[in-house]
$ cat model_33.txt   # compact mmCIF, C-alpha atoms
# COMPACT_ATOMS: atom_id res chain seq x y z
CA MET A 1 -26.78 12.82 -2.45
CA ASP A 2 -27.46 10.27 -5.17
CA LEU A 3 -25.18 11.25 -8.05
CA SER A 4 -26.77 8.74 -10.42
CA ALA A 5 -30.05 10.72 -10.28
CA VAL A 6 -28.35 14.11 -10.78
CA SER A 7 -25.92 13.22 -13.52
CA PRO A 8 -25.57 9.65 -14.84
CA ALA A 9 -22.53 10.67 -16.91
CA LEU A 10 -20.73 12.15 -13.88
CA TYR A 11 -21.70 9.13 -11.80
CA SER A 12 -20.19 6.70 -14.29
CA LEU A 13 -17.12 8.92 -14.69
CA LEU A 14 -16.42 8.99 -10.95
CA GLY A 15 -17.24 5.30 -10.45
CA ALA A 16 -14.62 2.57 -10.35
CA VAL A 17 -13.17 1.47 -13.69
CA PHE A 18 -14.22 -2.08 -12.86
CA ASN A 19 -17.58 -3.05 -11.39
CA LEU A 20 -16.83 -3.84 -7.75
CA SER A 21 -20.43 -4.39 -6.64
CA HIS A 22 -20.16 -8.14 -6.33
CA PRO A 23 -18.26 -10.70 -4.23
CA GLY A 24 -14.58 -11.00 -5.15
CA HIS A 25 -13.36 -13.68 -7.57
CA PHE A 26 -11.00 -16.33 -6.20
CA ILE A 27 -8.70 -18.91 -7.70
CA HIS A 28 -8.88 -22.13 -5.73
CA TRP A 29 -6.52 -25.05 -6.33
CA HIS A 30 -6.05 -27.64 -3.56
CA TRP A 31 -4.92 -25.63 -0.50
CA ILE A 32 -4.07 -22.53 -2.57
CA ASN A 33 -6.79 -19.88 -2.37
CA LEU A 34 -5.92 -16.52 -3.94
CA SER A 35 -8.09 -13.60 -4.96
CA VAL A 36 -7.86 -12.66 -8.65
CA ALA A 37 -6.72 -9.16 -7.58
CA ASN A 38 -3.76 -10.64 -5.68
CA VAL A 39 -2.89 -12.96 -8.58
CA ILE A 40 -2.80 -9.93 -10.92
CA VAL A 41 -0.47 -8.06 -8.51
CA ILE A 42 1.82 -11.11 -8.21
CA GLY A 43 1.87 -11.39 -12.02
CA LEU A 44 2.76 -7.70 -12.35
CA MET A 45 5.60 -8.13 -9.83
CA ILE A 46 7.04 -11.03 -11.85
CA VAL A 47 6.76 -9.02 -15.10
CA THR A 48 8.43 -6.01 -13.40
CA PHE A 49 11.23 -8.22 -12.04
CA ILE A 50 11.99 -9.71 -15.47
CA ALA A 51 11.75 -6.28 -17.15
CA ALA A 52 14.14 -4.78 -14.55
CA ILE A 53 16.74 -7.39 -15.47
CA LEU A 54 16.29 -7.26 -19.24
CA ILE A 55 15.71 -3.56 -19.98
CA PRO A 56 19.05 -1.71 -20.26
CA PHE A 57 19.61 1.14 -17.81
CA PRO A 58 20.36 4.56 -19.39
CA LYS A 59 24.04 5.37 -18.89
CA HIS A 60 25.93 8.67 -18.89
CA LYS A 61 29.24 8.95 -20.68
CA THR A 62 31.49 9.06 -17.59
CA GLU A 63 34.83 7.70 -16.48
CA GLN A 64 35.40 4.00 -17.02
CA GLY A 65 34.15 1.75 -14.25
CA GLU A 66 31.89 4.21 -12.42
CA ALA A 67 28.37 5.49 -12.80
CA HIS A 68 26.59 8.45 -11.32
CA ASP A 69 23.97 7.89 -8.58
CA MET B 1 43.25 19.39 -0.53
CA THR B 2 40.31 17.62 1.12
CA GLU B 3 39.97 18.31 4.84
CA VAL B 4 39.62 15.14 6.91
CA PRO B 5 36.99 15.47 9.68
CA SER B 6 38.51 15.63 13.16
CA LYS B 7 37.79 12.64 15.38
CA THR B 8 38.98 14.26 18.64
CA ALA B 9 37.38 17.69 18.06
CA GLY B 10 40.64 19.55 18.74
CA ASN B 11 42.01 18.73 22.20
CA PRO B 12 44.21 15.59 22.30
CA GLU B 13 43.54 15.25 26.05
CA ASP B 14 39.86 14.67 25.21
CA ALA B 15 40.63 11.54 23.15
CA GLY B 16 39.87 9.27 26.13
CA MET B 17 36.37 10.69 26.69
CA TRP B 18 33.39 8.48 25.78
CA THR B 19 32.08 11.07 23.35
CA ALA B 20 35.39 11.09 21.44
CA LYS B 21 35.54 7.29 21.44
CA ILE B 22 32.01 6.93 20.06
CA ARG B 23 32.67 9.66 17.46
CA SER B 24 35.89 7.94 16.43
CA ARG B 25 34.15 4.57 16.02
CA VAL B 26 31.27 6.10 14.04
CA VAL B 27 33.59 8.02 11.69
CA ASP B 28 35.77 4.91 11.21
CA ALA B 29 32.71 2.74 10.41
CA LEU B 30 30.95 5.29 8.22
CA PRO B 31 33.24 7.99 6.82
CA PRO B 32 31.16 10.83 5.25
CA ASP B 33 32.21 9.95 1.69
CA ARG B 34 30.97 6.39 2.18
CA LEU B 35 27.82 7.49 4.00
CA LEU B 36 26.78 9.75 1.11
CA PRO B 37 28.88 8.80 -1.94
CA ASP B 38 28.90 10.83 -5.15
CA ARG B 39 29.29 7.78 -7.39
CA GLN B 40 28.35 4.13 -7.38
CA PRO B 41 30.12 1.13 -8.95
CA ALA B 42 29.33 0.56 -12.66
CA TYR B 43 27.31 -2.60 -11.94
CA VAL B 44 24.72 -0.53 -10.02
CA ALA B 45 23.56 0.91 -13.38
CA SER B 46 20.72 -1.61 -13.69
CA TRP B 47 16.97 -1.27 -13.10
CA ILE B 48 17.05 -4.12 -10.58
CA TYR B 49 19.04 -1.87 -8.21
CA VAL B 50 16.39 0.91 -8.09
CA PHE B 51 13.71 -0.97 -6.16
CA GLY B 52 15.32 -0.43 -2.76
CA VAL B 53 15.14 3.34 -3.15
CA VAL B 54 11.60 3.08 -4.62
CA THR B 55 10.63 1.27 -1.41
CA ILE B 56 12.15 4.07 0.70
CA ALA B 57 10.39 6.74 -1.41
CA ALA B 58 7.06 4.93 -0.82
CA LEU B 59 7.84 4.73 2.91
CA VAL B 60 8.40 8.50 3.04
CA LEU B 61 5.01 9.02 1.37
CA ILE B 62 3.36 6.55 3.77
CA ILE B 63 4.75 8.39 6.80
CA ALA B 64 3.79 11.82 5.40
CA THR B 65 0.18 10.83 4.55
CA GLY B 66 -0.07 8.87 7.82
CA CYS B 67 0.89 12.03 9.77
CA ILE B 68 -1.90 13.97 8.01
CA LEU B 69 -4.42 11.20 8.78
CA ALA B 70 -3.29 11.17 12.43
CA ILE B 71 -3.75 14.94 12.74
CA PHE B 72 -7.38 14.97 11.53
CA GLY B 73 -8.63 11.49 12.54
CA PRO B 74 -11.11 8.88 11.19
CA GLN B 75 -14.18 11.17 11.02
CA TRP B 76 -12.25 13.44 8.67
CA TRP B 77 -10.84 10.78 6.36
CA HIS B 78 -14.27 9.12 6.03
CA THR B 79 -16.34 12.25 5.35
CA ASN B 80 -14.07 14.83 3.70
CA SER B 81 -13.12 14.54 0.01
CA PHE B 82 -9.54 15.67 0.72
CA GLY B 83 -9.54 13.16 3.59
CA HIS B 84 -10.57 10.44 1.11
CA PHE B 85 -7.72 11.52 -1.16
CA ILE B 86 -5.09 11.39 1.62
CA ASN B 87 -6.50 8.07 2.87
CA SER B 88 -6.21 6.65 -0.66
CA MET B 89 -2.68 8.05 -1.01
CA HIS B 90 -1.79 6.25 2.24
CA LEU B 91 -3.22 2.96 0.93
CA TRP B 92 -1.66 3.16 -2.54
CA SER B 93 1.74 4.15 -1.10
CA VAL B 94 1.57 0.92 0.91
CA GLU B 95 0.75 -1.01 -2.28
CA VAL B 96 3.80 0.52 -4.02
CA PHE B 97 5.91 -0.06 -0.88
CA PHE B 98 5.21 -3.81 -0.79
CA PHE B 99 5.36 -4.18 -4.58
CA ALA B 100 8.81 -2.55 -4.75
CA MET B 101 10.03 -4.34 -1.62
CA ILE B 102 9.12 -7.78 -3.04
CA VAL B 103 10.90 -7.05 -6.35
CA HIS B 104 13.88 -5.74 -4.29
CA LEU B 105 13.77 -8.96 -2.20
CA TRP B 106 13.71 -11.20 -5.30
CA GLY B 107 16.58 -9.24 -6.85
CA LYS B 108 18.73 -9.53 -3.72
CA PHE B 109 17.82 -13.21 -3.21
CA PHE B 110 18.84 -14.25 -6.73
CA MET B 111 22.12 -12.30 -6.55
CA ALA B 112 22.81 -13.81 -3.06
CA ALA B 113 23.15 -10.34 -1.55
CA TRP B 114 24.41 -11.80 1.75
CA ARG B 115 27.81 -12.44 0.11
CA GLY B 116 30.85 -10.47 1.30
CA HIS B 117 29.94 -10.32 5.01
CA ARG B 118 26.54 -8.76 4.25
CA GLN B 119 24.54 -11.30 6.29
CA LEU B 120 23.31 -8.74 8.79
CA THR B 121 22.10 -6.45 5.97
CA TRP B 122 20.08 -9.35 4.52
CA ILE B 123 18.67 -10.40 7.91
CA LEU B 124 17.70 -6.81 8.76
CA GLY B 125 15.91 -6.55 5.41
CA ILE B 126 13.91 -9.70 6.17
CA VAL B 127 13.05 -8.50 9.70
CA THR B 128 11.97 -5.14 8.24
CA PHE B 129 9.74 -7.00 5.77
CA LEU B 130 8.09 -8.96 8.61
CA GLY B 131 7.68 -5.76 10.64
CA SER B 132 6.07 -4.10 7.62
CA ILE B 133 3.51 -6.91 7.43
CA VAL B 134 2.53 -6.30 11.09
CA THR B 135 2.31 -2.56 10.37
CA ALA B 136 0.08 -3.11 7.33
CA PHE B 137 -2.08 -5.62 9.23
CA THR B 138 -2.71 -3.21 12.12
CA GLY B 139 -3.40 -0.54 9.47
CA TYR B 140 -6.12 -2.63 7.84
CA LEU B 141 -7.59 -3.10 11.35
CA SER B 142 -7.55 0.70 11.86
CA GLN B 143 -9.61 1.62 8.79
CA THR B 144 -12.76 1.95 10.94
CA ASN B 145 -15.03 0.39 8.31
CA PHE B 146 -16.71 -2.95 7.63
CA ASP B 147 -13.53 -4.28 6.01
CA SER B 148 -11.52 -3.74 9.21
CA GLN B 149 -14.31 -5.37 11.27
CA TRP B 150 -14.30 -8.38 8.93
CA ILE B 151 -10.48 -8.70 9.07
CA GLY B 152 -10.53 -8.35 12.87
CA THR B 153 -13.17 -11.02 13.44
CA GLN B 154 -11.47 -13.38 10.97
CA ALA B 155 -7.99 -12.80 12.43
CA LYS B 156 -8.88 -13.18 16.10
CA ASP B 157 -9.24 -16.96 15.89
CA GLY B 158 -5.87 -17.32 14.20
CA ILE B 159 -4.14 -15.01 16.69
CA ASN B 160 -5.85 -16.71 19.64
CA ALA B 161 -4.76 -20.13 18.33
CA THR B 162 -1.14 -18.98 18.68
CA GLY B 163 -1.70 -17.74 22.23
CA GLY B 164 -0.83 -14.22 21.10
CA GLY B 165 -4.39 -13.01 21.69
CA ALA B 166 -3.62 -12.66 25.39
CA PHE B 167 -1.70 -9.45 24.73
CA PHE B 168 -2.40 -8.72 21.03
CA ASN B 169 -6.18 -8.33 20.72
CA VAL B 170 -7.10 -7.63 17.09
CA LEU B 171 -10.64 -6.64 18.16
CA ASN B 172 -9.22 -3.88 20.38
CA PHE B 173 -9.30 -0.87 18.03
CA GLY B 174 -7.34 1.40 20.39
CA GLN B 175 -4.54 -1.13 20.80
CA MET B 176 -4.31 -1.82 17.04
CA LEU B 177 -4.33 1.91 16.24
CA MET B 178 -1.52 2.56 18.76
CA TRP B 179 0.55 -0.28 17.32
CA HIS B 180 -0.08 1.09 13.82
CA ILE B 181 0.67 4.77 14.37
CA THR B 182 3.41 4.69 17.05
CA LEU B 183 5.13 1.37 17.78
CA MET B 184 5.37 -0.22 14.33
CA PRO B 185 6.29 2.92 12.30
CA ILE B 186 9.15 3.59 14.73
CA ILE B 187 10.36 -0.03 14.47
CA VAL B 188 10.09 -0.09 10.65
CA CYS B 189 11.83 3.30 10.25
CA VAL B 190 14.68 2.38 12.63
CA LEU B 191 15.17 -1.01 10.92
CA THR B 192 15.11 0.64 7.48
CA ALA B 193 17.68 3.25 8.61
CA LEU B 194 19.98 0.52 10.00
CA HIS B 195 19.52 -1.50 6.78
CA VAL B 196 20.54 1.49 4.63
CA LEU B 197 23.50 2.31 6.92
CA LEU B 198 24.73 -1.27 6.57
CA VAL B 199 24.37 -1.05 2.77
CA ARG B 200 26.45 2.14 2.86
CA ARG B 201 29.05 0.55 5.13
CA LYS B 202 29.48 -2.72 3.21
CA GLY B 203 28.72 -1.29 -0.24
CA VAL B 204 26.19 -2.53 -2.78
CA VAL B 205 26.64 -6.24 -3.45
CA PRO B 206 28.39 -6.90 -6.79
CA PRO B 207 26.86 -9.29 -9.35
CA PHE B 208 28.11 -12.88 -9.64
CA PRO B 209 31.35 -13.20 -11.63
CA THR B 210 30.95 -14.25 -15.26
CA ALA B 211 32.25 -17.60 -16.55
CA ALA B 212 35.22 -15.77 -18.15
CA GLU B 213 36.08 -14.04 -14.85
CA LEU B 214 35.87 -17.35 -12.98
CA ALA B 215 38.12 -19.04 -15.55
CA GLU B 216 40.61 -16.17 -15.28
CA ALA B 217 40.62 -16.40 -11.46
CA SER B 218 41.04 -20.17 -11.67
CA ALA B 219 43.97 -19.79 -14.08
CA ALA B 220 45.63 -17.24 -11.77
CA THR B 221 45.27 -19.65 -8.81
CA THR B 222 46.79 -22.49 -10.84
CA GLU B 223 49.77 -20.33 -11.78
CA VAL B 224 50.46 -19.42 -8.13
CA ALA B 225 50.02 -22.98 -6.83
CA PRO B 226 53.33 -24.98 -6.61

$ encode --input "model_33.txt" --output "structure tokens"
Amino acid sequence: MDLSAVSPALYSLLGAVFNLSHPGHFIHWHWINLSVANVIVIGLMIVTFIAAILIPFPKHKTEQGEAHD
Amino acid sequence: MTEVPSKTAGNPEDAGMWTAKIRSRVVDALPPDRLLPDRQPAYVASWIYVFGVVTIAALVLIIATGCILAIFGPQWWHTNSFGHFINSMHLWSVEVFFFAMIVHLWGKFFMAAWRGHRQLTWILGIVTFLGSIVTAFTGYLSQTNFDSQWIGTQAKDGINATGGGAFFNVLNFGQMLMWHITLMPIIVCVLTALHVLLVRRKGVVPPFPTAAELAEASAATTEVAP
């Protein structure tokens, strides 16, 4: 069933957020060849890593020197 | 008073039996309070320490959704809307699994988590990571769509160049599916379980000492030295 003919609004709602109907984009530099999608994931991992170190962890008021699981 | 678990199960004359010896060694290596502790050291209260358990949570979801996919098969996950949902859950759990595992790996690398006789824990983590890559690769080959055909035809030349193609044929769907749903999940789950048991046995690696702590330790050594 072609959803675009039945309901264009529903079709666009259920479609991907980004238009994926084209060849993927790649970053090419010398021997390095990475898809933009992978570069975004690697960037997010680096941001998460830095945030995990910098953002303070919520602590309970417990005995000195120990924390709950 | 806390009751200590019996290592000989009652009869002293049974202490020489192989069952009692194994039980004794297991309880000595992993006493119940260390296997499942109620509290962790204060330094564990940091976000960087949560990514190991996030990885395990994603693995549980991968196994659960993988079991559902295995029950109903490719025709179901390609044609049924709930099948699409479970198939997507399986894929996105893998994305979270690798994402969390890489952040966990970076965290452990930069705190030199192999310190304090934890080398085997580190090595097992690395081997589990490599095993996970093989599992994911055979999974992408088992999608039964154009993407898996493309990956298979691209990968065969690389695998054949290593000589591995003689027994690991990426164009053989049945072989790749068997590796993906039986062999590799068992290997990854066993390695993960051993990794966690070693973490429980050796304890979570502490952070590097601060400059003040190093200076204090150095001063103490100087005082003791003649």

$ closest_residue --input "model_33.txt" --among "B:Ala112, B:Val188, B:Met176, B:Leu120" --to "Ile62 (chain B)" --atoms "all atoms listed in the file"
B:Val188

$ closest_residue --input "model_33.txt" --among "B:Gln154, B:Asn172, B:Gln40, B:Thr79" --to "chain A" --atoms "all atoms listed in the file"
B:Gln40

$ closest_residue --input "model_33.txt" --among "B:Thr128, B:Gln75, B:Ser46, B:Asn169" --to "chain A" --atoms "all atoms listed in the file"
B:Ser46

$ closest_atom_pairs --input "model_33.txt" --of "chain B" --to "chain A" --cutoff "8 Å" --atoms "all atoms listed in the file" --output "tab-separated table"
residue	atom	partner	partner_atom	distance
B:Asp38	CA	A:Asp69	CA	6.7
B:Arg39	CA	A:His68	CA	4.8
B:Gln40	CA	A:Ala67	CA	5.6
B:Pro41	CA	A:Glu66	CA	5.0
B:Ala42	CA	A:Glu66	CA	4.5
B:Val44	CA	A:Ala67	CA	7.6
B:Ala45	CA	A:Phe57	CA	5.9
B:Ser46	CA	A:Phe57	CA	5.1
B:Trp47	CA	A:Ala52	CA	4.7
B:Ile48	CA	A:Ala52	CA	5.0
B:Phe99	CA	A:Met45	CA	6.6
B:Ile102	CA	A:Met45	CA	7.7
B:Val103	CA	A:Phe49	CA	5.8
B:Trp106	CA	A:Phe49	CA	7.8
B:Gly107	CA	A:Phe49	CA	7.5

$ residues_around --input "model_33.txt" --residues "His195 (chain B)" --least-positions-apart "4" --cutoff "7 Å" --atoms "only C-alpha atoms" --output "short mmCIF file (atom, residue, chain, number, x, y, z; two decimals) with C-alpha atoms, keeping the file's coordinate frame"
data_model
loop_
_atom_site.label_atom_id
_atom_site.label_comp_id
_atom_site.auth_asym_id
_atom_site.auth_seq_id
_atom_site.Cartn_x
_atom_site.Cartn_y
_atom_site.Cartn_z
CA THR B 121 22.10 -6.45 5.97
CA LEU B 124 17.70 -6.81 8.76
CA GLY B 125 15.91 -6.55 5.41
CA LEU B 191 15.17 -1.01 10.92
CA VAL B 199 24.37 -1.05 2.77
#

$ atom_distance --input "model_33.txt" --atom1 "CA of Gln119 (chain B)" --atom2 "CA of Pro206 (chain B)"
14.3 Å

$ atom_distance --input "model_33.txt" --atom1 "CA of Asp28 (chain B)" --atom2 "CA of Glu13 (chain B)"
19.7 Å

$ atom_distance --input "model_33.txt" --atom1 "CA of Ile68 (chain B)" --atom2 "CA of Phe168 (chain B)"
26.2 Å

$ axis_aligned_box --input "model_33.txt" --around "region 63-67 of chain B" --padding-each-side "3 Å" --output "AutoDock Vina command-line options"
--center_x 2.3 --center_y 10.2 --center_z 7.2 --size_x 10.8 --size_y 9.6 --size_z 11.2
